[in-house]
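Have a look at query_9.txt below; it lists compact mmCIF, N, CA, C and O atoms.
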```txt
# COMPACT_ATOMS: atom_id res chain seq x y z
N MET V 1 0.81 -1.19 0.00
CA MET V 1 0.00 0.00 0.00
C MET V 1 0.86 1.27 0.00
O MET V 1 0.48 2.26 -0.59
N ALA V 2 1.99 1.22 0.67
CA ALA V 2 2.84 2.41 0.73
C ALA V 2 3.36 2.76 -0.67
O ALA V 2 3.42 3.94 -1.04
N GLY V 3 3.73 1.75 -1.44
CA GLY V 3 4.20 1.99 -2.80
C GLY V 3 3.11 2.57 -3.68
O GLY V 3 3.36 3.44 -4.53
N PHE V 4 1.88 2.11 -3.48
CA PHE V 4 0.76 2.64 -4.26
C PHE V 4 0.55 4.11 -3.96
O PHE V 4 0.40 4.94 -4.86
N PHE V 5 0.52 4.46 -2.67
CA PHE V 5 0.30 5.86 -2.32
C PHE V 5 1.47 6.74 -2.75
O PHE V 5 1.27 7.90 -3.15
N ALA V 6 2.69 6.23 -2.71
CA ALA V 6 3.83 7.00 -3.18
C ALA V 6 3.69 7.30 -4.66
O ALA V 6 3.88 8.45 -5.10
N LYS V 7 3.33 6.30 -5.46
CA LYS V 7 3.14 6.53 -6.89
C LYS V 7 1.97 7.47 -7.14
O LYS V 7 2.02 8.33 -8.02
N PHE V 8 0.91 7.32 -6.37
CA PHE V 8 -0.26 8.17 -6.53
C PHE V 8 0.10 9.63 -6.30
O PHE V 8 -0.26 10.51 -7.09
N TYR V 9 0.81 9.93 -5.23
CA TYR V 9 1.19 11.31 -4.93
C TYR V 9 2.18 11.86 -5.96
O TYR V 9 2.12 13.04 -6.30
N ILE V 10 3.06 11.02 -6.45
CA ILE V 10 3.97 11.47 -7.50
C ILE V 10 3.21 11.81 -8.77
O ILE V 10 3.44 12.85 -9.40
N PHE V 11 2.27 10.96 -9.15
CA PHE V 11 1.47 11.24 -10.34
C PHE V 11 0.64 12.50 -10.16
O PHE V 11 0.50 13.30 -11.08
N MET V 12 0.08 12.71 -8.97
CA MET V 12 -0.70 13.92 -8.73
C MET V 12 0.17 15.17 -8.82
O MET V 12 -0.24 16.18 -9.38
N ALA V 13 1.40 15.09 -8.29
CA ALA V 13 2.31 16.23 -8.37
C ALA V 13 2.71 16.52 -9.81
O ALA V 13 2.81 17.68 -10.23
N VAL V 14 2.94 15.48 -10.60
CA VAL V 14 3.33 15.66 -12.00
C VAL V 14 2.18 16.26 -12.80
O VAL V 14 2.38 17.14 -13.64
N ILE V 15 0.97 15.84 -12.51
CA ILE V 15 -0.19 16.37 -13.22
C ILE V 15 -0.45 17.82 -12.82
O ILE V 15 -0.84 18.64 -13.65
N GLU V 16 -0.21 18.17 -11.56
CA GLU V 16 -0.42 19.55 -11.11
C GLU V 16 0.51 20.53 -11.82
O GLU V 16 0.13 21.67 -12.06
N VAL V 17 1.74 20.11 -12.14
CA VAL V 17 2.66 21.00 -12.85
C VAL V 17 2.55 20.83 -14.36
O VAL V 17 3.39 21.34 -15.11
N LYS V 18 1.54 20.13 -14.80
CA LYS V 18 1.18 19.98 -16.21
C LYS V 18 2.27 19.31 -17.04
O LYS V 18 2.53 19.70 -18.18
N MET V 19 2.90 18.30 -16.48
CA MET V 19 3.86 17.49 -17.23
C MET V 19 3.15 16.21 -17.66
O MET V 19 3.40 15.13 -17.14
N TYR V 20 2.26 16.35 -18.61
CA TYR V 20 1.41 15.24 -19.01
C TYR V 20 2.18 14.11 -19.69
O TYR V 20 1.84 12.94 -19.54
N THR V 21 3.21 14.46 -20.42
CA THR V 21 4.02 13.43 -21.10
C THR V 21 4.69 12.53 -20.07
O THR V 21 4.68 11.30 -20.21
N LEU V 22 5.25 13.13 -19.04
CA LEU V 22 5.88 12.35 -17.98
C LEU V 22 4.85 11.49 -17.25
O LEU V 22 5.14 10.34 -16.90
N ALA V 23 3.66 12.01 -17.03
CA ALA V 23 2.60 11.24 -16.37
C ALA V 23 2.19 10.05 -17.22
O ALA V 23 1.96 8.95 -16.69
N ILE V 24 2.10 10.23 -18.52
CA ILE V 24 1.71 9.12 -19.41
C ILE V 24 2.81 8.06 -19.45
O ILE V 24 2.51 6.85 -19.39
N ILE V 25 4.07 8.48 -19.50
CA ILE V 25 5.17 7.52 -19.48
C ILE V 25 5.17 6.75 -18.17
O ILE V 25 5.34 5.52 -18.15
N GLY V 26 4.96 7.45 -17.07
CA GLY V 26 4.90 6.79 -15.76
C GLY V 26 3.74 5.82 -15.67
O GLY V 26 3.86 4.74 -15.10
N LEU V 27 2.60 6.21 -16.23
CA LEU V 27 1.44 5.32 -16.22
C LEU V 27 1.69 4.07 -17.05
O LEU V 27 1.35 2.95 -16.62
N LEU V 28 2.32 4.22 -18.21
CA LEU V 28 2.61 3.05 -19.05
C LEU V 28 3.61 2.10 -18.36
O LEU V 28 3.43 0.88 -18.41
N THR V 29 4.64 2.66 -17.73
CA THR V 29 5.59 1.79 -17.04
C THR V 29 4.96 1.13 -15.82
O THR V 29 5.32 0.01 -15.48
N THR V 30 4.01 1.80 -15.19
CA THR V 30 3.29 1.19 -14.06
C THR V 30 2.44 0.02 -14.53
O THR V 30 2.37 -1.01 -13.85
N VAL V 31 1.81 0.17 -15.68
CA VAL V 31 1.00 -0.93 -16.22
C VAL V 31 1.88 -2.12 -16.57
O VAL V 31 1.52 -3.28 -16.28
N VAL V 32 3.04 -1.87 -17.16
CA VAL V 32 3.95 -2.97 -17.50
C VAL V 32 4.44 -3.67 -16.24
O VAL V 32 4.48 -4.90 -16.16
N SER V 33 4.81 -2.88 -15.22
CA SER V 33 5.29 -3.50 -13.98
C SER V 33 4.16 -4.26 -13.28
O SER V 33 4.40 -5.31 -12.67
N ALA V 34 2.93 -3.76 -13.34
CA ALA V 34 1.79 -4.47 -12.74
C ALA V 34 1.59 -5.83 -13.41
O ALA V 34 1.23 -6.80 -12.75
N PHE V 35 1.83 -5.90 -14.72
CA PHE V 35 1.73 -7.18 -15.42
C PHE V 35 2.69 -8.20 -14.81
O PHE V 35 2.32 -9.34 -14.54
N TYR V 36 3.93 -7.78 -14.56
CA TYR V 36 4.91 -8.70 -13.99
C TYR V 36 4.58 -9.06 -12.55
O TYR V 36 4.72 -10.21 -12.13
N TYR V 37 4.14 -8.08 -11.75
CA TYR V 37 3.78 -8.37 -10.36
C TYR V 37 2.60 -9.32 -10.29
O TYR V 37 2.58 -10.26 -9.48
N LEU V 38 1.58 -9.09 -11.10
CA LEU V 38 0.41 -9.97 -11.08
C LEU V 38 0.74 -11.36 -11.61
O LEU V 38 0.13 -12.35 -11.19
N ARG V 39 1.69 -11.44 -12.51
CA ARG V 39 2.13 -12.75 -13.02
C ARG V 39 2.74 -13.58 -11.90
O ARG V 39 2.49 -14.79 -11.79
N ILE V 40 3.54 -12.94 -11.04
CA ILE V 40 4.14 -13.65 -9.91
C ILE V 40 3.06 -14.14 -8.95
O ILE V 40 3.10 -15.28 -8.48
N ILE V 41 2.06 -13.31 -8.69
CA ILE V 41 0.96 -13.71 -7.81
C ILE V 41 0.19 -14.87 -8.42
O ILE V 41 -0.20 -15.81 -7.72
N LYS V 42 -0.01 -14.83 -9.74
CA LYS V 42 -0.72 -15.93 -10.41
C LYS V 42 0.07 -17.23 -10.27
O LYS V 42 -0.50 -18.29 -9.99
N ILE V 43 1.38 -17.16 -10.43
CA ILE V 43 2.21 -18.36 -10.31
C ILE V 43 2.17 -18.90 -8.89
O ILE V 43 2.05 -20.11 -8.68
N ILE V 44 2.23 -18.01 -7.92
CA ILE V 44 2.25 -18.45 -6.52
C ILE V 44 0.95 -19.13 -6.13
O ILE V 44 0.95 -20.20 -5.50
N TYR V 45 -0.18 -18.53 -6.49
CA TYR V 45 -1.46 -19.01 -5.96
C TYR V 45 -2.22 -19.96 -6.88
O TYR V 45 -3.03 -20.75 -6.40
N PHE V 46 -2.01 -19.89 -8.19
CA PHE V 46 -2.88 -20.64 -9.08
C PHE V 46 -2.21 -21.77 -9.84
O PHE V 46 -2.90 -22.60 -10.42
N GLU V 47 -0.89 -21.83 -9.86
CA GLU V 47 -0.23 -22.92 -10.57
C GLU V 47 0.25 -23.97 -9.58
O GLU V 47 0.61 -23.66 -8.45
N LYS V 48 0.24 -25.18 -10.03
CA LYS V 48 0.73 -26.28 -9.20
C LYS V 48 2.25 -26.21 -9.09
O LYS V 48 2.92 -25.92 -10.09
N PRO V 49 2.80 -26.49 -7.92
CA PRO V 49 4.27 -26.48 -7.80
C PRO V 49 4.89 -27.62 -8.59
O PRO V 49 4.34 -28.72 -8.68
N LYS V 50 6.03 -27.37 -9.15
CA LYS V 50 6.72 -28.40 -9.94
C LYS V 50 7.31 -29.47 -9.03
O LYS V 50 7.24 -30.64 -9.31
N GLU V 51 7.90 -29.03 -7.92
CA GLU V 51 8.45 -29.95 -6.92
C GLU V 51 7.99 -29.47 -5.54
O GLU V 51 7.87 -28.28 -5.32
N PRO V 52 7.78 -30.38 -4.63
CA PRO V 52 7.44 -29.92 -3.28
C PRO V 52 8.64 -29.23 -2.64
O PRO V 52 9.79 -29.62 -2.83
N PHE V 53 8.34 -28.17 -1.90
CA PHE V 53 9.40 -27.42 -1.25
C PHE V 53 9.80 -28.10 0.06
O PHE V 53 8.98 -28.69 0.75
N GLU V 54 11.05 -27.98 0.38
CA GLU V 54 11.54 -28.53 1.64
C GLU V 54 11.25 -27.52 2.74
O GLU V 54 11.58 -26.34 2.62
N LYS V 55 10.62 -27.98 3.81
CA LYS V 55 10.30 -27.07 4.91
C LYS V 55 11.53 -26.85 5.77
O LYS V 55 12.22 -27.78 6.13
N SER V 56 11.78 -25.60 6.07
CA SER V 56 12.92 -25.24 6.89
C SER V 56 12.44 -24.51 8.12
O SER V 56 11.70 -23.53 8.02
N TYR V 57 12.83 -24.99 9.27
CA TYR V 57 12.44 -24.36 10.53
C TYR V 57 13.67 -23.82 11.24
O TYR V 57 13.87 -24.02 12.41
N ASP V 58 14.48 -23.07 10.52
CA ASP V 58 15.71 -22.51 11.05
C ASP V 58 15.36 -21.33 11.97
O ASP V 58 14.57 -20.46 11.61
N TRP V 59 15.96 -21.29 13.15
CA TRP V 59 15.66 -20.22 14.11
C TRP V 59 16.16 -18.87 13.62
O TRP V 59 15.55 -17.84 13.88
N GLY V 60 17.28 -18.84 12.93
CA GLY V 60 17.79 -17.58 12.39
C GLY V 60 16.81 -16.95 11.41
O GLY V 60 16.60 -15.74 11.41
N LEU V 61 16.21 -17.80 10.57
CA LEU V 61 15.23 -17.31 9.62
C LEU V 61 14.00 -16.78 10.33
O LEU V 61 13.47 -15.72 9.98
N LYS V 62 13.52 -17.49 11.33
CA LYS V 62 12.35 -17.06 12.08
C LYS V 62 12.60 -15.72 12.78
O LYS V 62 11.75 -14.83 12.77
N ILE V 63 13.78 -15.57 13.36
CA ILE V 63 14.10 -14.33 14.08
C ILE V 63 14.20 -13.16 13.10
O ILE V 63 13.67 -12.07 13.37
N SER V 64 14.85 -13.37 11.96
CA SER V 64 14.99 -12.27 11.00
C SER V 64 13.64 -11.89 10.40
O SER V 64 13.37 -10.70 10.18
N LEU V 65 12.76 -12.87 10.14
CA LEU V 65 11.43 -12.55 9.63
C LEU V 65 10.60 -11.82 10.67
O LEU V 65 9.87 -10.86 10.34
N ALA V 66 10.68 -12.23 11.92
CA ALA V 66 9.94 -11.55 12.98
C ALA V 66 10.44 -10.13 13.17
O ALA V 66 9.65 -9.19 13.32
N PHE V 67 11.77 -9.93 13.12
CA PHE V 67 12.34 -8.61 13.30
C PHE V 67 11.94 -7.67 12.16
O PHE V 67 11.55 -6.53 12.38
N SER V 68 12.03 -8.16 10.93
CA SER V 68 11.66 -7.31 9.79
C SER V 68 10.16 -7.01 9.77
O SER V 68 9.75 -5.90 9.44
N SER V 69 9.34 -7.98 10.18
CA SER V 69 7.90 -7.74 10.26
C SER V 69 7.58 -6.70 11.33
O SER V 69 6.71 -5.84 11.14
N LEU V 70 8.29 -6.77 12.44
CA LEU V 70 8.10 -5.79 13.50
C LEU V 70 8.50 -4.39 13.04
O LEU V 70 7.80 -3.41 13.31
N LEU V 71 9.62 -4.27 12.32
CA LEU V 71 10.03 -2.97 11.80
C LEU V 71 9.01 -2.39 10.82
O LEU V 71 8.70 -1.20 10.86
N ILE V 72 8.47 -3.24 9.97
CA ILE V 72 7.46 -2.77 9.01
C ILE V 72 6.21 -2.33 9.74
O ILE V 72 5.62 -1.29 9.41
N LEU V 73 5.80 -3.06 10.75
CA LEU V 73 4.61 -2.70 11.53
C LEU V 73 4.82 -1.39 12.28
O LEU V 73 3.94 -0.52 12.29
N VAL V 74 5.99 -1.22 12.88
CA VAL V 74 6.29 0.03 13.59
C VAL V 74 6.31 1.20 12.61
O VAL V 74 5.76 2.27 12.91
N TYR V 75 6.90 1.02 11.45
CA TYR V 75 6.95 2.10 10.47
C TYR V 75 5.56 2.42 9.94
O TYR V 75 5.26 3.56 9.63
N PHE V 76 4.69 1.43 9.85
CA PHE V 76 3.32 1.67 9.39
C PHE V 76 2.51 2.43 10.43
O PHE V 76 1.76 3.33 10.09
N ILE V 77 2.68 2.09 11.70
CA ILE V 77 1.89 2.72 12.76
C ILE V 77 2.49 4.07 13.17
O ILE V 77 1.77 5.05 13.33
N TYR V 78 3.80 4.12 13.38
CA TYR V 78 4.49 5.33 13.82
C TYR V 78 5.63 5.69 12.86
O TYR V 78 6.80 5.47 13.18
N PRO V 79 5.33 6.25 11.70
CA PRO V 79 6.41 6.55 10.75
C PRO V 79 7.34 7.65 11.24
O PRO V 79 8.49 7.71 10.83
N SER V 80 6.87 8.51 12.13
CA SER V 80 7.72 9.61 12.59
C SER V 80 8.89 9.13 13.44
O SER V 80 9.94 9.78 13.48
N ILE V 81 8.75 7.99 14.10
CA ILE V 81 9.84 7.48 14.94
C ILE V 81 11.06 7.16 14.08
O ILE V 81 12.18 7.57 14.40
N LEU V 82 10.86 6.46 12.99
CA LEU V 82 12.00 6.10 12.15
C LEU V 82 12.56 7.27 11.37
O LEU V 82 13.77 7.39 11.19
N THR V 83 11.69 8.18 10.92
CA THR V 83 12.19 9.34 10.19
C THR V 83 12.99 10.27 11.10
O THR V 83 13.98 10.86 10.68
N GLU V 84 12.58 10.39 12.36
CA GLU V 84 13.37 11.19 13.31
C GLU V 84 14.71 10.53 13.62
O GLU V 84 15.72 11.21 13.75
N ALA V 85 14.71 9.21 13.74
CA ALA V 85 15.96 8.50 14.00
C ALA V 85 16.92 8.65 12.83
O ALA V 85 18.12 8.84 13.02
N ILE V 86 16.41 8.60 11.62
CA ILE V 86 17.26 8.76 10.44
C ILE V 86 17.79 10.18 10.34
O ILE V 86 18.94 10.41 10.00
N SER V 87 16.94 11.15 10.69
CA SER V 87 17.41 12.54 10.62
C SER V 87 18.48 12.82 11.65
O SER V 87 19.35 13.66 11.45
N LEU V 88 18.48 12.11 12.78
CA LEU V 88 19.54 12.27 13.78
C LEU V 88 20.85 11.64 13.29
O LEU V 88 21.92 12.12 13.64
N ILE V 89 20.75 10.60 12.50
CA ILE V 89 21.95 9.93 11.99
C ILE V 89 22.64 10.79 10.95
O ILE V 89 23.86 10.90 10.93
N THR V 90 21.88 11.43 10.08
CA THR V 90 22.46 12.22 9.00
C THR V 90 22.70 13.65 9.45
O THR V 90 22.05 14.58 9.02
N ILE V 91 23.66 13.83 10.33
CA ILE V 91 23.97 15.17 10.85
C ILE V 91 24.88 15.90 9.90
O ILE V 91 25.68 15.45 9.21
```
Write out the structure in this file as structure tokens.
Amino acid sequence: MAGFFAKFYIFMAVIEVKMYTLAIIGLLTTVVSAFYYLRIIKIIYFEKPKEPFEKSYDWGLKISLAFSSLLILVYFIYPSILTEAISLITI
């Protein structure tokens, strides 16, 4: 959703300054990229797997997935916390 809203605001800004050619090029590239993204989703959910996947219950993988999920959740709920931390780093 964040990527969608980022593209939406960029397109709105481009249209406000009347750069219609750039907006059309951006729209065409978005449609092409959506084709590839939707193709991956189709493969994941609607096609039969060629070989069964080996299940891995590695603790390192679980910890890294939990940590990254937590960071994404924190950034979604409180985006100002991370932006303030980054602004303190780039002095």
Enumerate as an MDAnalysis selection string all residues of chain V assigned to helix (DSSP H, G or I) by DSSP on the backbone, naming them with the chain letters and numbers the document uses. chainID V and resid 2:16 20:46 59:77 79:89
Point-to-point distance from atom CA of Lys42 of chain V to atom CA of Phe5 of chain V, Å rounded to tenths: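 Atom CA of Phe5 of chain V lies at a distance of 23.3 Å from atom CA of Lys42 of chain V.
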Build an axis-aligned box that encloses every atom of segment 58-72 of chain V listed in the file, pad it by 4 Å on each side, and report its centre and edge lengths in Å to one decimal, as AutoDock Vina command-line options.
```
--center_x 11.7 --center_y -12.1 --center_z 11.6 --size_x 20.2 --size_y 29.9 --size_z 13.1
```
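Using only C-alpha atoms for every distance, the candidate list V:Ala6, V:Ser64, V:Leu82, V:Phe11 yields V:Phe11 as the residue closest to Gly26 of chain V.
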Kindly give the distance, in Å, that separates atom CA of Tyr57 of chain V and atom CA of Tyr37 of chain V, rounded to a single decimal.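 So the answer is 27.7 Å.
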Could you tell me how far atom C of Thr29 of chain V lies from atom CA of Lys7 of chain V, in Å and to one decimal?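 These two atoms are separated by 10.6 Å.
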Just add all heavy atoms to segment 18-29 of chain V and send it as an mmCIF file, in the coordinates of the input.
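Saved as rebuild29.cif:
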```
data_model
loop_
_atom_site.group_PDB
_atom_site.id
_atom_site.type_symbol
_atom_site.label_atom_id
_atom_site.label_comp_id
_atom_site.auth_asym_id
_atom_site.auth_seq_id
_atom_site.Cartn_x
_atom_site.Cartn_y
_atom_site.Cartn_z
ATOM 1 N N LYS V 18 1.540 20.130 -14.800
ATOM 2 C CA LYS V 18 1.180 19.980 -16.210
ATOM 3 C C LYS V 18 2.270 19.310 -17.040
ATOM 4 O O LYS V 18 2.530 19.700 -18.180
ATOM 5 C CB LYS V 18 0.778 21.321 -16.805
ATOM 6 C CG LYS V 18 -0.449 21.878 -16.138
ATOM 7 C CD LYS V 18 -0.856 23.180 -16.709
ATOM 8 C CE LYS V 18 -2.104 23.606 -15.953
ATOM 9 N NZ LYS V 18 -2.490 24.951 -16.199
ATOM 10 N N MET V 19 2.900 18.300 -16.480
ATOM 11 C CA MET V 19 3.860 17.490 -17.230
ATOM 12 C C MET V 19 3.150 16.210 -17.660
ATOM 13 O O MET V 19 3.400 15.130 -17.140
ATOM 14 C CB MET V 19 5.082 17.170 -16.371
ATOM 15 C CG MET V 19 5.884 18.350 -15.962
ATOM 16 S SD MET V 19 7.239 17.820 -14.928
ATOM 17 C CE MET V 19 8.569 18.703 -15.655
ATOM 18 N N TYR V 20 2.260 16.350 -18.610
ATOM 19 C CA TYR V 20 1.410 15.240 -19.010
ATOM 20 C C TYR V 20 2.180 14.110 -19.690
ATOM 21 O O TYR V 20 1.840 12.940 -19.540
ATOM 22 C CB TYR V 20 0.279 15.737 -19.903
ATOM 23 C CG TYR V 20 -0.602 16.749 -19.208
ATOM 24 C CD1 TYR V 20 -0.703 18.049 -19.687
ATOM 25 C CD2 TYR V 20 -1.312 16.411 -18.071
ATOM 26 C CE1 TYR V 20 -1.507 18.978 -19.047
ATOM 27 C CE2 TYR V 20 -2.115 17.325 -17.425
ATOM 28 C CZ TYR V 20 -2.214 18.606 -17.915
ATOM 29 O OH TYR V 20 -2.994 19.518 -17.267
ATOM 30 N N THR V 21 3.210 14.460 -20.420
ATOM 31 C CA THR V 21 4.020 13.430 -21.100
ATOM 32 C C THR V 21 4.690 12.530 -20.070
ATOM 33 O O THR V 21 4.680 11.300 -20.210
ATOM 34 C CB THR V 21 5.080 14.086 -21.996
ATOM 35 O OG1 THR V 21 4.440 14.996 -22.880
ATOM 36 C CG2 THR V 21 5.831 13.045 -22.784
ATOM 37 N N LEU V 22 5.250 13.130 -19.040
ATOM 38 C CA LEU V 22 5.880 12.350 -17.980
ATOM 39 C C LEU V 22 4.850 11.490 -17.250
ATOM 40 O O LEU V 22 5.140 10.340 -16.900
ATOM 41 C CB LEU V 22 6.602 13.273 -17.003
ATOM 42 C CG LEU V 22 7.402 12.608 -15.899
ATOM 43 C CD1 LEU V 22 8.511 11.759 -16.490
ATOM 44 C CD2 LEU V 22 7.957 13.651 -14.959
ATOM 45 N N ALA V 23 3.660 12.010 -17.030
ATOM 46 C CA ALA V 23 2.600 11.240 -16.370
ATOM 47 C C ALA V 23 2.190 10.050 -17.220
ATOM 48 O O ALA V 23 1.960 8.950 -16.690
ATOM 49 C CB ALA V 23 1.404 12.139 -16.070
ATOM 50 N N ILE V 24 2.100 10.230 -18.520
ATOM 51 C CA ILE V 24 1.710 9.120 -19.410
ATOM 52 C C ILE V 24 2.810 8.060 -19.450
ATOM 53 O O ILE V 24 2.510 6.850 -19.390
ATOM 54 C CB ILE V 24 1.402 9.653 -20.827
ATOM 55 C CG1 ILE V 24 0.111 10.464 -20.788
ATOM 56 C CG2 ILE V 24 1.296 8.520 -21.829
ATOM 57 C CD1 ILE V 24 -0.189 11.213 -22.060
ATOM 58 N N ILE V 25 4.070 8.480 -19.500
ATOM 59 C CA ILE V 25 5.170 7.520 -19.480
ATOM 60 C C ILE V 25 5.170 6.750 -18.170
ATOM 61 O O ILE V 25 5.340 5.520 -18.150
ATOM 62 C CB ILE V 25 6.520 8.225 -19.713
ATOM 63 C CG1 ILE V 25 6.598 8.750 -21.141
ATOM 64 C CG2 ILE V 25 7.688 7.291 -19.429
ATOM 65 C CD1 ILE V 25 7.776 9.658 -21.404
ATOM 66 N N GLY V 26 4.960 7.450 -17.070
ATOM 67 C CA GLY V 26 4.900 6.790 -15.760
ATOM 68 C C GLY V 26 3.740 5.820 -15.670
ATOM 69 O O GLY V 26 3.860 4.740 -15.100
ATOM 70 N N LEU V 27 2.600 6.210 -16.230
ATOM 71 C CA LEU V 27 1.440 5.320 -16.220
ATOM 72 C C LEU V 27 1.690 4.070 -17.050
ATOM 73 O O LEU V 27 1.350 2.950 -16.620
ATOM 74 C CB LEU V 27 0.213 6.061 -16.745
ATOM 75 C CG LEU V 27 -1.093 5.302 -16.709
ATOM 76 C CD1 LEU V 27 -1.488 5.018 -15.264
ATOM 77 C CD2 LEU V 27 -2.181 6.078 -17.404
ATOM 78 N N LEU V 28 2.320 4.220 -18.210
ATOM 79 C CA LEU V 28 2.610 3.050 -19.050
ATOM 80 C C LEU V 28 3.610 2.100 -18.360
ATOM 81 O O LEU V 28 3.430 0.880 -18.410
ATOM 82 C CB LEU V 28 3.152 3.496 -20.399
ATOM 83 C CG LEU V 28 2.150 4.175 -21.320
ATOM 84 C CD1 LEU V 28 2.840 4.684 -22.579
ATOM 85 C CD2 LEU V 28 1.020 3.230 -21.670
ATOM 86 N N THR V 29 4.640 2.660 -17.730
ATOM 87 C CA THR V 29 5.590 1.790 -17.040
ATOM 88 C C THR V 29 4.960 1.130 -15.820
ATOM 89 O O THR V 29 5.320 0.010 -15.480
ATOM 90 C CB THR V 29 6.848 2.578 -16.619
ATOM 91 O OG1 THR V 29 6.471 3.668 -15.782
ATOM 92 C CG2 THR V 29 7.601 3.083 -17.830
#
```
